[in-house]
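Notes follow once the structure below has been shown.
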Amino acid sequence: MAAKTPKRYPETKVLSRNFDVDKAWTFDVARQRGAYRSLEKALGSMTPDQVIDEVKTSRLRGRGGAGFPTGVKWSFVPKQTDKTKYICLNADESEPGTFKDRYLMELDPHLVIEGCLITAYAVGASMVYIYVRGEYPLSIERLWGAIEEARKEGFVGKKIAGRDFHCDVVVHSGAGAYICGEETALLESLEGKRGHPRIKPPFPAVEGAFASPTVINNVETLAHVPWIIENGGAAFAKQGIPPDPADPRSVGSSGTKLMGVSGDVQKPGVWEFEFGITLRQMIEDYAGGALEGRTIKAVIPGGLSMPVLTGDELDVKMGFDDLKAAGSGLGTACAIVMDDTCDMVQACENIAHFFADESCGQCTPCREGCHWMEKIFHRFDAGQGTRSDLDLLENLFRQIEGRTICALADAAVWPLRSIVRKFRHEFVAKMSPDEQRAEAEARSARQPAGVK
Amino acid sequence: MNPRAPAAEPKDVAPRAPAVVPASFPPAELKATCEKILARYPTKMAALLPILHEAQAFGGGWVSPELEAGVAAYLDLSPAHVHGVLTFYSMYNTKPAGRHELWVCRTLSCWRRGAPELRAKALDKAGCTRTGEVGEDGRFLVKDMECLGLCEQAPAIWLDGVAHANVTPEGLEQLMDGCE
Amino acid sequence: MSASSSPEPVVTINGTAYPYEPGDTVIRVAHRHGIDVPHYCYHPSMSPAGNCRICMVEVVGSPRPQIACKMACFPGLSVNTDSDLAHEARADTMQMLLVNHPLDCPICDQAGECHLQDYSYQLGSGRAVTSTPKTKLPKNQPFGEQIVYDAERCIKCTLCVRFCEEITDTNELSMGQRSDHEQVIMTSAGEFTTRYSMNIVDLCPVGALTSRDFRFRSRLWFMDFVPSVCTGCARGCNVTVGARMGKVLRLEPRENQDVNQWWMCDAGRLGYKHANSATRLGVPAVRDASGAWREATFEQAIQAASAALAEHRHEERPGHVLLDGGATLEEMWVARQLAAALGGEARFAAHVGDDGDEFLVVNEKGANARGAEALGLARVKNAADAGAAVLVIERDEHVPADLRAASGAVVAFVTDASHVPDSVRVAFPFGSFAERDGWLVNVGGRVQRLLGTGEAGPSAVQPFQAVAQEILLDLDAGHDVLDDAALETRLRAAPGLADLVWPPASREPAEVSS
């Protein structure tokens, strides 16, 4: 075991406050620990607009990866409409390396349901669909159990908490498709179709599930809502990283976040921190650092879909803007660590395979391009790559990024491009001696001119 | 202590019931479930994914063309639409799926922590040359799956709908030996 | 016009402002004004899928190109279809489309009318940038009786799927699988029940969907194509007839928003087979004294026909002319004169089906039945009324064997030699719909041009109106011979016809290319 290191940054247990409590997924234990109090507060003493304002004040940003301000998203839902409004909880946690929402659903499902119901009240929805990936049967079981308990206790269904608010909650099981985590693909899948992302506009807030106004949020996002209602948006906004005063458009990274580490570390896991812990602190202090005798080579800070940081670039704060400034992104804040035994060419092949496999097949650049990249990486691994293949890859990155309906293609390009650029030498090392010589000559020719 | 999500305990796995071809869909044993599912959605089509899950479990781990046609008729959908949906999602099988279904996660975290060795072991024990096929003895269908969301317990596998984490090749061998 | 009304909203394309209507997309406005925006998955009749990514244009002020097929116009929008960014985006998409394409143009039926080829010439580099192995997908998949699908050639534009969903509402097709294994599927449980299935072959921008009827029969550049109309029923769907070396090889719908939009039915499309019959009558034939047939020149046959008809007139029986309901107005007009000279009247017969639908197919199968009625021709429905001196027959189903036998005709103009009844002494070849020029009136009262191609049918078949007028001359020296232009002038002014919807332009020279 690694020596016990003092932790440089504390955990803050807000969402995870019940994770260590036995049977917190049952109504009695959860209720005793405060479940549905915020819902009662919202229904009893707040108007829907006040709820939205409180969430706006909190500066809560979406926890699914994109980081869109949640209160702003809710305010896009039309107030006047004859249509049923829906909440779709995005629990299709398919992002590789990401498992935080599973903990919430398995260990504290009542918190998740309460968050959904407060959201439904805020935007005037009467139906909540929780779209859980099919690979999470325990989450599905616990959520259904919690819904039925809550229904018995008067917190789901008609006249919730004795008030004039009616809302049902249904768990919808996915069937194995990464793309269904994309919000419009999720809607298609919910409607019983192939998970092909829709072209936006119209945005889901106006025309979402069953052509009706729909709010789609990540599990963790809505799990924050009860705390915000209980303690106020301002208290939430005080946590984490404040907005940059120099930038009027900056939202900052307020509140806490479930963050995880997996891959080549001693103790993979998930913890809750206020935004601001550095990637290195999290990996070294909580995940136990690199495996015995190894060093960390590269880390994708949030899922699979963000650019990699090298082992020297880990002193960056976990926050939306900080990671963006460091050339990567927060994503799901669940880091994947690769150590010095990792062959980065093979890692690229593995990553490209994932995106090629999970491309819905709709748009030409993604459908054809992801597999093409995988085949090129395979060629490098077989020792047949050339310097022109690296140019071709750069060209493909440019052709794929930003040319498709949804962001899956962008998500494929970002980690791959960053690895190809930061670990070019590993690709060169797998080339033929002639190619390697040509690369060395080109490098030395470039060097004096001071270009790169 | 980091909290552990439960449900990774190996347990006895019974072989699946042989495939049954119902005269019409839903068969009597699924009727109540299907009606309950239908009542959850404003459209019949929206019930397709959950009903296909039921049909697959009923059909012995795969959705036969007969079941597929039955589901299509039940939900007033074209057979092509149902087939298109079935083949889009990786959890559905459109071919006989063996007595046991084994998924090996192949995505980055598991790949770093030993998934390739598990995959080789699984194929070897199942007697298959490739994933996606059933071995000659009809015991196992081995499938490559993308991230199963068990990354902190990598490498992970699924055996007949039950997740197993931190699996070693030896552990996998034992698990597979426990299957009929 | 009040000057104060708000100005029409405009969108700027390539620096020029164009008006648009609410709901317009950039590609619609561009196409309306003749600006080329390449497209595969876009079709004006269907919801945009936005998946092929070839219609990308530069949006001024945005670093990323956008798809024109889904981009709604708004005031102030300015796009460039011809800029470097737009060209680059399209060339990139072409490269992606071709990386797994089998490039089997030498054996592909689409070659010559393939959008992948066209845009490849326009936008592609002509140079392969990679040698990665191509993805293998199913080939030679039957989609119903008439269509064959090749998933490797397919570019997954989903036009065929959307056609079955949005146009016919029959939903036979879907996309199946995903990622680069995505392909169009039709389940074994499903059948291609729509009678409009073959439209997906025309819709397919590449050679992924081919017609069993046409595939491997001819290279397109060896064929002659003429704009004409389908004579399978009285709808008169506008078509392009493709023929080569005496055979009709293909009918394809031609856009006409007032008649058939972009479509036609399978039966109409395949209803050309009689034109290629092995028993086509190619030259005039006259019975000799023993009753045996012998070939004759038109001159000899006209003499023989005049003699036979004069004899007929001598018997003082009314000399009716019984026409196929698909005969042109010109043919009916001259037939009426011939009948008058024989003391009878021109009549017509046409099949009436019971398979009409709400889309295109109508029960009336006589392509010019409405024209015949407008000219005052009586309809012969049964053998008892079929008596005639002259028969004019293209399709068996319009003038079936019992009517032919009951007619007692002595002269027949027939497309097929097997349609000549025993009573006939002189038979003239009659062109099929693919060989004759003339006007037809469809079920909606629209006068449309039937246009023949020299590549179809036996060579040197003389038009009925020419032969009949020669006979008239023989019978009645006072007759003026009218050419087609003179006939048209009379038709346009004729009672019953003048009120119909005629095309504005007068008869133009046939656009037959050699």
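Residues are referred to by chain and number: the chain letter is A, B, ... according to the order shown in the structure tokens, the number counts from 1 in that chain, and ligands are numbered separately from 1 in the order shown.
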Exercise answer, chain A residues close to chain B, 8 Å and only C-alpha atoms, as a PyMOL selection string:
chain A and resi 19-20+93-99+102-103+106-107+134-135+137-138+170+172-177+189-195+210+261-264+268-271+336-338+342+347+350-351+354
Any chance you could list, as a PyMOL selection string, the residues in stretch 81-323 of chain A that come up alpha helix (DSSP H) when DSSP is run on the backbone?
chain A and resi 100-107+109-123+137-152+183-190+219-223+225-231+233-238+279-281+320-323
Residue with the minimum atom-to-atom distance to chain C, picked from B:Ala39, B:Gly60, B:Pro79, B:Leu30 with only C-alpha atoms counted, is B:Pro79
Selection near A:Val14, 8 Å with only C-alpha atoms, sequence-local residues under 3 positions removed, as a VMD selection string
chain A and resid 17 227 256 272
Just the selected residues (N, CA and C atoms), exported as a short mmCIF file (atom, residue, chain, number, x, y, z; two decimals), in the first residue's frame, please.
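Written output follows (result26.cif):
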data_model
loop_
_atom_site.label_atom_id
_atom_site.label_comp_id
_atom_site.auth_asym_id
_atom_site.auth_seq_id
_atom_site.Cartn_x
_atom_site.Cartn_y
_atom_site.Cartn_z
N ARG A 17 -23.86 12.80 0.80
CA ARG A 17 -24.02 12.78 2.25
C ARG A 17 -24.62 11.47 2.76
N TRP A 227 -30.71 20.64 -2.36
CA TRP A 227 -29.82 21.39 -1.47
C TRP A 227 -29.94 22.89 -1.74
N THR A 256 -20.48 21.89 -5.48
CA THR A 256 -19.64 20.70 -5.39
C THR A 256 -19.85 19.86 -6.63
N GLU A 272 -16.60 13.56 -3.60
CA GLU A 272 -17.26 14.84 -3.87
C GLU A 272 -16.40 15.97 -3.33
#
Have a look at A:Gln32, A:Asn218, A:Ser444, A:Gln384 and name the one nearest to A:Ile130; count only C-alpha atoms.
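The shortest atom-to-atom distance to A:Ile130 comes from A:Asn218.
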Would you list, as an mmCIF file with N, CA, C and O atoms, in the first residue's frame, the residues of stretch 284-445 of chain C that end up in strand (DSSP E) under DSSP run on this structure's backbone?
data_model
loop_
_atom_site.group_PDB
_atom_site.id
_atom_site.type_symbol
_atom_site.label_atom_id
_atom_site.label_comp_id
_atom_site.auth_asym_id
_atom_site.auth_seq_id
_atom_site.Cartn_x
_atom_site.Cartn_y
_atom_site.Cartn_z
ATOM 1 N N ALA C 285 -48.732 -5.616 -93.998
ATOM 2 C CA ALA C 285 -48.964 -6.968 -94.520
ATOM 3 C C ALA C 285 -50.343 -7.033 -95.171
ATOM 4 O O ALA C 285 -51.286 -6.402 -94.700
ATOM 5 N N VAL C 286 -50.406 -7.759 -96.260
ATOM 6 C CA VAL C 286 -51.654 -7.864 -97.023
ATOM 7 C C VAL C 286 -51.927 -9.348 -97.280
ATOM 8 O O VAL C 286 -51.005 -10.103 -97.569
ATOM 9 N N ARG C 287 -53.194 -9.757 -97.133
ATOM 10 C CA ARG C 287 -53.517 -11.146 -97.463
ATOM 11 C C ARG C 287 -53.578 -11.309 -98.979
ATOM 12 O O ARG C 287 -54.154 -10.475 -99.682
ATOM 13 N N TRP C 293 -50.731 -14.259 -95.525
ATOM 14 C CA TRP C 293 -50.159 -12.928 -95.368
ATOM 15 C C TRP C 293 -48.881 -12.825 -96.163
ATOM 16 O O TRP C 293 -48.083 -13.746 -96.206
ATOM 17 N N ARG C 294 -48.694 -11.641 -96.789
ATOM 18 C CA ARG C 294 -47.385 -11.367 -97.370
ATOM 19 C C ARG C 294 -47.033 -9.911 -97.094
ATOM 20 O O ARG C 294 -47.908 -9.056 -96.982
ATOM 21 N N GLU C 295 -45.723 -9.711 -96.954
ATOM 22 C CA GLU C 295 -45.254 -8.355 -96.665
ATOM 23 C C GLU C 295 -45.571 -7.430 -97.820
ATOM 24 O O GLU C 295 -45.594 -7.857 -98.973
ATOM 25 N N GLY C 319 -69.085 2.251 -91.792
ATOM 26 C CA GLY C 319 -67.657 1.940 -91.652
ATOM 27 C C GLY C 319 -67.063 2.610 -90.436
ATOM 28 O O GLY C 319 -66.438 3.647 -90.522
ATOM 29 N N HIS C 320 -67.294 2.017 -89.291
ATOM 30 C CA HIS C 320 -66.738 2.613 -88.071
ATOM 31 C C HIS C 320 -65.241 2.397 -87.987
ATOM 32 O O HIS C 320 -64.696 1.468 -88.551
ATOM 33 N N VAL C 321 -64.585 3.283 -87.212
ATOM 34 C CA VAL C 321 -63.174 3.079 -86.865
ATOM 35 C C VAL C 321 -63.120 2.913 -85.352
ATOM 36 O O VAL C 321 -63.595 3.773 -84.618
ATOM 37 N N LEU C 322 -62.577 1.791 -84.893
ATOM 38 C CA LEU C 322 -62.485 1.528 -83.451
ATOM 39 C C LEU C 322 -61.044 1.731 -82.987
ATOM 40 O O LEU C 322 -60.129 1.045 -83.451
ATOM 41 N N LEU C 323 -60.870 2.740 -82.081
ATOM 42 C CA LEU C 323 -59.512 3.125 -81.666
ATOM 43 C C LEU C 323 -59.215 2.645 -80.246
ATOM 44 O O LEU C 323 -60.104 2.569 -79.399
ATOM 45 N N ASP C 324 -57.972 2.415 -80.046
ATOM 46 C CA ASP C 324 -57.426 2.180 -78.709
ATOM 47 C C ASP C 324 -57.575 3.476 -77.898
ATOM 48 O O ASP C 324 -57.315 4.571 -78.404
ATOM 49 N N GLY C 343 -68.851 6.409 -93.916
ATOM 50 C CA GLY C 343 -70.250 6.393 -93.509
ATOM 51 C C GLY C 343 -70.464 5.933 -92.083
ATOM 52 O O GLY C 343 -71.576 5.606 -91.668
ATOM 53 N N GLY C 344 -69.411 5.905 -91.313
ATOM 54 C CA GLY C 344 -69.553 5.476 -89.911
ATOM 55 C C GLY C 344 -69.005 6.528 -88.974
ATOM 56 O O GLY C 344 -68.874 7.702 -89.318
ATOM 57 N N GLU C 345 -68.652 6.116 -87.756
ATOM 58 C CA GLU C 345 -68.092 7.066 -86.813
ATOM 59 C C GLU C 345 -66.872 6.447 -86.122
ATOM 60 O O GLU C 345 -66.709 5.230 -86.119
ATOM 61 N N ALA C 346 -66.040 7.336 -85.566
ATOM 62 C CA ALA C 346 -64.890 6.855 -84.788
ATOM 63 C C ALA C 346 -65.363 6.562 -83.378
ATOM 64 O O ALA C 346 -66.143 7.318 -82.803
ATOM 65 N N ARG C 347 -64.905 5.457 -82.863
ATOM 66 C CA ARG C 347 -65.238 5.062 -81.498
ATOM 67 C C ARG C 347 -63.954 4.633 -80.805
ATOM 68 O O ARG C 347 -62.937 4.397 -81.444
ATOM 69 N N PHE C 348 -64.051 4.479 -79.480
ATOM 70 C CA PHE C 348 -62.836 3.998 -78.790
ATOM 71 C C PHE C 348 -63.214 2.971 -77.748
ATOM 72 O O PHE C 348 -64.381 2.878 -77.327
ATOM 73 N N ALA C 349 -62.219 2.199 -77.349
ATOM 74 C CA ALA C 349 -62.399 1.236 -76.250
ATOM 75 C C ALA C 349 -61.195 1.343 -75.324
ATOM 76 O O ALA C 349 -60.080 1.576 -75.787
ATOM 77 N N ALA C 378 -67.698 7.817 -79.193
ATOM 78 C CA ALA C 378 -68.463 6.926 -78.319
ATOM 79 C C ALA C 378 -67.566 5.819 -77.808
ATOM 80 O O ALA C 378 -66.603 5.428 -78.456
ATOM 81 N N ARG C 379 -67.919 5.326 -76.616
ATOM 82 C CA ARG C 379 -67.100 4.282 -76.003
ATOM 83 C C ARG C 379 -67.725 2.921 -76.265
ATOM 84 O O ARG C 379 -68.908 2.698 -75.984
ATOM 85 N N VAL C 390 -62.290 -0.491 -89.465
ATOM 86 C CA VAL C 390 -60.855 -0.252 -89.207
ATOM 87 C C VAL C 390 -60.607 -0.349 -87.704
ATOM 88 O O VAL C 390 -61.361 0.204 -86.904
ATOM 89 N N LEU C 391 -59.548 -1.056 -87.355
ATOM 90 C CA LEU C 391 -59.124 -1.132 -85.958
ATOM 91 C C LEU C 391 -57.787 -0.409 -85.797
ATOM 92 O O LEU C 391 -56.938 -0.485 -86.674
ATOM 93 N N VAL C 392 -57.634 0.279 -84.642
ATOM 94 C CA VAL C 392 -56.341 0.902 -84.320
ATOM 95 C C VAL C 392 -55.998 0.470 -82.894
ATOM 96 O O VAL C 392 -56.647 0.905 -81.946
ATOM 97 N N ILE C 393 -55.024 -0.399 -82.736
ATOM 98 C CA ILE C 393 -54.797 -1.042 -81.438
ATOM 99 C C ILE C 393 -53.330 -0.984 -81.025
ATOM 100 O O ILE C 393 -52.445 -1.457 -81.746
ATOM 101 N N VAL C 411 -59.408 -3.666 -92.143
ATOM 102 C CA VAL C 411 -58.090 -3.020 -92.052
ATOM 103 C C VAL C 411 -57.761 -2.842 -90.576
ATOM 104 O O VAL C 411 -58.635 -2.451 -89.794
ATOM 105 N N ALA C 412 -56.503 -3.136 -90.197
ATOM 106 C CA ALA C 412 -56.117 -2.967 -88.802
ATOM 107 C C ALA C 412 -54.759 -2.301 -88.708
ATOM 108 O O ALA C 412 -53.847 -2.611 -89.488
ATOM 109 N N PHE C 413 -54.660 -1.378 -87.780
ATOM 110 C CA PHE C 413 -53.367 -0.787 -87.423
ATOM 111 C C PHE C 413 -53.018 -1.376 -86.068
ATOM 112 O O PHE C 413 -53.718 -1.108 -85.083
ATOM 113 N N VAL C 414 -51.995 -2.180 -86.006
ATOM 114 C CA VAL C 414 -51.703 -2.880 -84.754
ATOM 115 C C VAL C 414 -50.238 -2.751 -84.387
ATOM 116 O O VAL C 414 -49.365 -2.694 -85.242
ATOM 117 N N VAL C 426 -55.842 -6.216 -94.560
ATOM 118 C CA VAL C 426 -54.628 -5.379 -94.636
ATOM 119 C C VAL C 426 -54.260 -4.935 -93.210
ATOM 120 O O VAL C 426 -55.106 -4.407 -92.494
ATOM 121 N N ALA C 427 -52.997 -5.191 -92.848
ATOM 122 C CA ALA C 427 -52.552 -4.790 -91.499
ATOM 123 C C ALA C 427 -51.385 -3.827 -91.619
ATOM 124 O O ALA C 427 -50.442 -4.078 -92.371
ATOM 125 N N PHE C 428 -51.489 -2.718 -90.870
ATOM 126 C CA PHE C 428 -50.389 -1.745 -90.847
ATOM 127 C C PHE C 428 -49.732 -1.764 -89.464
ATOM 128 O O PHE C 428 -50.426 -1.909 -88.445
ATOM 129 N N PRO C 429 -48.418 -1.577 -89.405
ATOM 130 C CA PRO C 429 -47.785 -1.455 -88.089
ATOM 131 C C PRO C 429 -48.190 -0.140 -87.432
ATOM 132 O O PRO C 429 -48.333 0.877 -88.102
ATOM 133 N N GLY C 438 -47.829 13.032 -80.249
ATOM 134 C CA GLY C 438 -49.200 13.516 -80.284
ATOM 135 C C GLY C 438 -49.650 14.017 -78.933
ATOM 136 O O GLY C 438 -48.884 14.032 -77.975
ATOM 137 N N TRP C 439 -50.907 14.423 -78.876
ATOM 138 C CA TRP C 439 -51.463 14.977 -77.641
ATOM 139 C C TRP C 439 -52.406 13.993 -76.982
ATOM 140 O O TRP C 439 -53.187 13.319 -77.646
ATOM 141 N N LEU C 440 -52.320 13.946 -75.644
ATOM 142 C CA LEU C 440 -53.215 13.111 -74.848
ATOM 143 C C LEU C 440 -53.880 13.997 -73.809
ATOM 144 O O LEU C 440 -53.273 14.953 -73.335
ATOM 145 N N VAL C 441 -55.106 13.664 -73.448
ATOM 146 C CA VAL C 441 -55.786 14.421 -72.399
ATOM 147 C C VAL C 441 -55.898 13.517 -71.174
ATOM 148 O O VAL C 441 -56.470 12.423 -71.261
#
I'd like the contact shell of B:Thr168 - 12 Å cut-off, only C-alpha atoms, skipping same-chain residues fewer than 3 positions apart - returned as a ChimeraX atom specification.
/B:104,110,113-122,153-157,164-165,171-175
Given the selection you just returned, output its residues as a file containing N, CA, C and O atoms, formatted as a compact mmCIF listing (two decimals), in the first residue's frame.
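The resulting file, part-v2.txt, is shown below:
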# COMPACT_ATOMS: atom_id res chain seq x y z
N VAL B 104 -17.77 -8.60 -22.01
CA VAL B 104 -16.49 -8.13 -21.50
C VAL B 104 -16.35 -6.67 -21.90
O VAL B 104 -16.42 -6.33 -23.09
N CYS B 110 -11.05 -0.29 -18.38
CA CYS B 110 -10.95 -1.75 -18.27
C CYS B 110 -9.81 -2.28 -19.13
O CYS B 110 -9.11 -3.20 -18.74
N ARG B 113 -6.75 -2.11 -17.33
CA ARG B 113 -6.63 -2.95 -16.14
C ARG B 113 -6.84 -4.44 -16.42
O ARG B 113 -7.15 -5.20 -15.52
N GLY B 114 -6.69 -4.84 -17.66
CA GLY B 114 -6.66 -6.28 -17.90
C GLY B 114 -7.80 -6.85 -18.73
O GLY B 114 -7.96 -8.07 -18.81
N ALA B 115 -8.59 -6.00 -19.37
CA ALA B 115 -9.70 -6.51 -20.18
C ALA B 115 -9.24 -7.42 -21.33
O ALA B 115 -9.89 -8.43 -21.60
N PRO B 116 -8.11 -7.11 -21.99
CA PRO B 116 -7.71 -7.99 -23.10
C PRO B 116 -7.47 -9.43 -22.64
O PRO B 116 -7.83 -10.38 -23.34
N GLU B 117 -6.89 -9.61 -21.43
CA GLU B 117 -6.66 -10.96 -20.92
C GLU B 117 -7.99 -11.65 -20.63
O GLU B 117 -8.16 -12.84 -20.89
N LEU B 118 -8.95 -10.87 -20.08
CA LEU B 118 -10.27 -11.45 -19.80
C LEU B 118 -10.95 -11.89 -21.09
O LEU B 118 -11.56 -12.96 -21.17
N ARG B 119 -10.80 -11.07 -22.08
CA ARG B 119 -11.46 -11.36 -23.35
C ARG B 119 -10.90 -12.65 -23.94
O ARG B 119 -11.64 -13.53 -24.39
N ALA B 120 -9.58 -12.75 -23.91
CA ALA B 120 -8.94 -13.95 -24.45
C ALA B 120 -9.40 -15.19 -23.67
O ALA B 120 -9.72 -16.23 -24.24
N LYS B 121 -9.44 -15.04 -22.35
CA LYS B 121 -9.86 -16.15 -21.51
C LYS B 121 -11.31 -16.54 -21.82
O LYS B 121 -11.64 -17.72 -21.95
N ALA B 122 -12.16 -15.53 -21.93
CA ALA B 122 -13.58 -15.79 -22.19
C ALA B 122 -13.78 -16.52 -23.51
O ALA B 122 -14.52 -17.50 -23.59
N GLN B 153 -14.03 -0.29 -10.73
CA GLN B 153 -13.83 -1.67 -10.32
C GLN B 153 -13.31 -2.49 -11.50
O GLN B 153 -13.61 -3.67 -11.64
N ALA B 154 -12.55 -1.83 -12.39
CA ALA B 154 -12.08 -2.47 -13.61
C ALA B 154 -11.09 -3.59 -13.28
O ALA B 154 -10.35 -3.47 -12.32
N PRO B 155 -11.06 -4.63 -14.10
CA PRO B 155 -11.90 -4.85 -15.27
C PRO B 155 -13.23 -5.49 -14.89
O PRO B 155 -13.31 -6.24 -13.95
N ALA B 156 -14.25 -5.15 -15.68
CA ALA B 156 -15.59 -5.60 -15.34
C ALA B 156 -16.15 -6.48 -16.45
O ALA B 156 -15.81 -6.34 -17.62
N ILE B 157 -16.99 -7.40 -16.04
CA ILE B 157 -17.73 -8.23 -17.00
C ILE B 157 -19.18 -8.31 -16.54
O ILE B 157 -19.51 -7.92 -15.42
N HIS B 164 -19.90 -8.23 -12.62
CA HIS B 164 -18.81 -8.73 -11.78
C HIS B 164 -17.64 -7.79 -11.97
O HIS B 164 -17.28 -7.49 -13.11
N ALA B 165 -17.05 -7.36 -10.85
CA ALA B 165 -16.00 -6.35 -10.95
C ALA B 165 -14.68 -6.89 -10.47
O ALA B 165 -14.61 -7.94 -9.81
N GLY B 171 -10.56 -15.76 -11.85
CA GLY B 171 -11.92 -15.57 -11.34
C GLY B 171 -12.94 -15.81 -12.44
O GLY B 171 -13.99 -16.41 -12.22
N LEU B 172 -12.61 -15.34 -13.65
CA LEU B 172 -13.52 -15.52 -14.77
C LEU B 172 -13.68 -17.00 -15.09
O LEU B 172 -14.79 -17.48 -15.35
N GLU B 173 -12.55 -17.70 -15.04
CA GLU B 173 -12.58 -19.13 -15.32
C GLU B 173 -13.52 -19.85 -14.35
O GLU B 173 -14.35 -20.67 -14.75
N GLN B 174 -13.40 -19.47 -13.07
CA GLN B 174 -14.27 -20.08 -12.05
C GLN B 174 -15.74 -19.77 -12.34
O GLN B 174 -16.59 -20.66 -12.27
N LEU B 175 -15.99 -18.50 -12.65
CA LEU B 175 -17.37 -18.10 -12.94
C LEU B 175 -17.93 -18.92 -14.09
O LEU B 175 -19.06 -19.40 -14.04
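The two atoms in question, atom CA of C:Asp266 and atom CA of C:Asn199, are spaced 7.9 Å apart.
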Contacts of A:Val77 at 7 Å or less, counting only C-alpha atoms, minus same-chain residues fewer than 3 places along, as a list of chain:residue names?
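In the requested format, the answer is A:Trp74, A:Val123, A:Ala205, A:Val206, A:Pro213.
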Could you work out which residues of chain A fall inside 7 Å of chain C? Count only C-alpha atoms, and format the result as a ChimeraX atom specification.
/A:356-365,367-369,375,399,402
When you look at C:Leu309 with a cut-off of 8 Å (counting only C-alpha atoms), what residues show up, excluding the ones that are within fewer than 5 positions of it in the same chain? I need them as a ChimeraX atom specification.
/C:342,389,410-411
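Closest approach to chain C from the set B:Met176, B:Ala80, B:Val71, B:Leu38 is made by B:Ala80, with distances taken over only C-alpha atoms.
The coordinates place atom CA of A:Glu182 at 7.6 Å from atom CA of A:Cys406.
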Residue with smallest distance to chain C - pool B:Leu159, B:Ala69, B:Cys179, B:Ala97, counting only C-alpha atoms
B:Ala69
Which value, in Å to one decimal, gives the distance between atom CA of C:Ser432 and atom CA of C:Gly452?
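Calculated distance between atom CA of C:Ser432 and atom CA of C:Gly452 is 8.5 Å.
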Given only C-alpha atoms as the counted atoms, nearest of C:Ala278, C:Gln462, C:Ala486, C:Thr193 to chain B
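Selected residue with least distance to chain B: C:Thr193.
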Could you list, as a compact mmCIF listing (two decimals) with N, CA, C and O atoms, in the first residue's frame, every residue within 7 Å of stretch 487-497 of chain C, counting only C-alpha atoms and ignoring same-chain residues fewer than 4 positions away?
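To be explicit, this is the file written out as selection_28.txt:
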# COMPACT_ATOMS: atom_id res chain seq x y z
N GLU C 330 -54.57 13.54 -82.40
CA GLU C 330 -54.36 13.61 -83.84
C GLU C 330 -54.91 12.37 -84.52
O GLU C 330 -55.60 12.43 -85.56
N ALA C 374 -63.94 14.09 -75.30
CA ALA C 374 -64.01 15.50 -75.67
C ALA C 374 -64.22 15.66 -77.17
O ALA C 374 -64.84 16.61 -77.63
N LEU C 375 -63.68 14.72 -77.94
CA LEU C 375 -63.88 14.76 -79.39
C LEU C 375 -65.22 14.17 -79.80
O LEU C 375 -65.54 14.09 -80.98
N LEU C 482 -53.38 17.06 -93.93
CA LEU C 482 -52.90 17.96 -92.89
C LEU C 482 -51.64 17.38 -92.26
O LEU C 482 -51.61 16.19 -91.93
N ASP C 483 -50.64 18.22 -92.08
CA ASP C 483 -49.50 17.75 -91.31
C ASP C 483 -49.81 17.94 -89.81
O ASP C 483 -50.85 18.47 -89.44
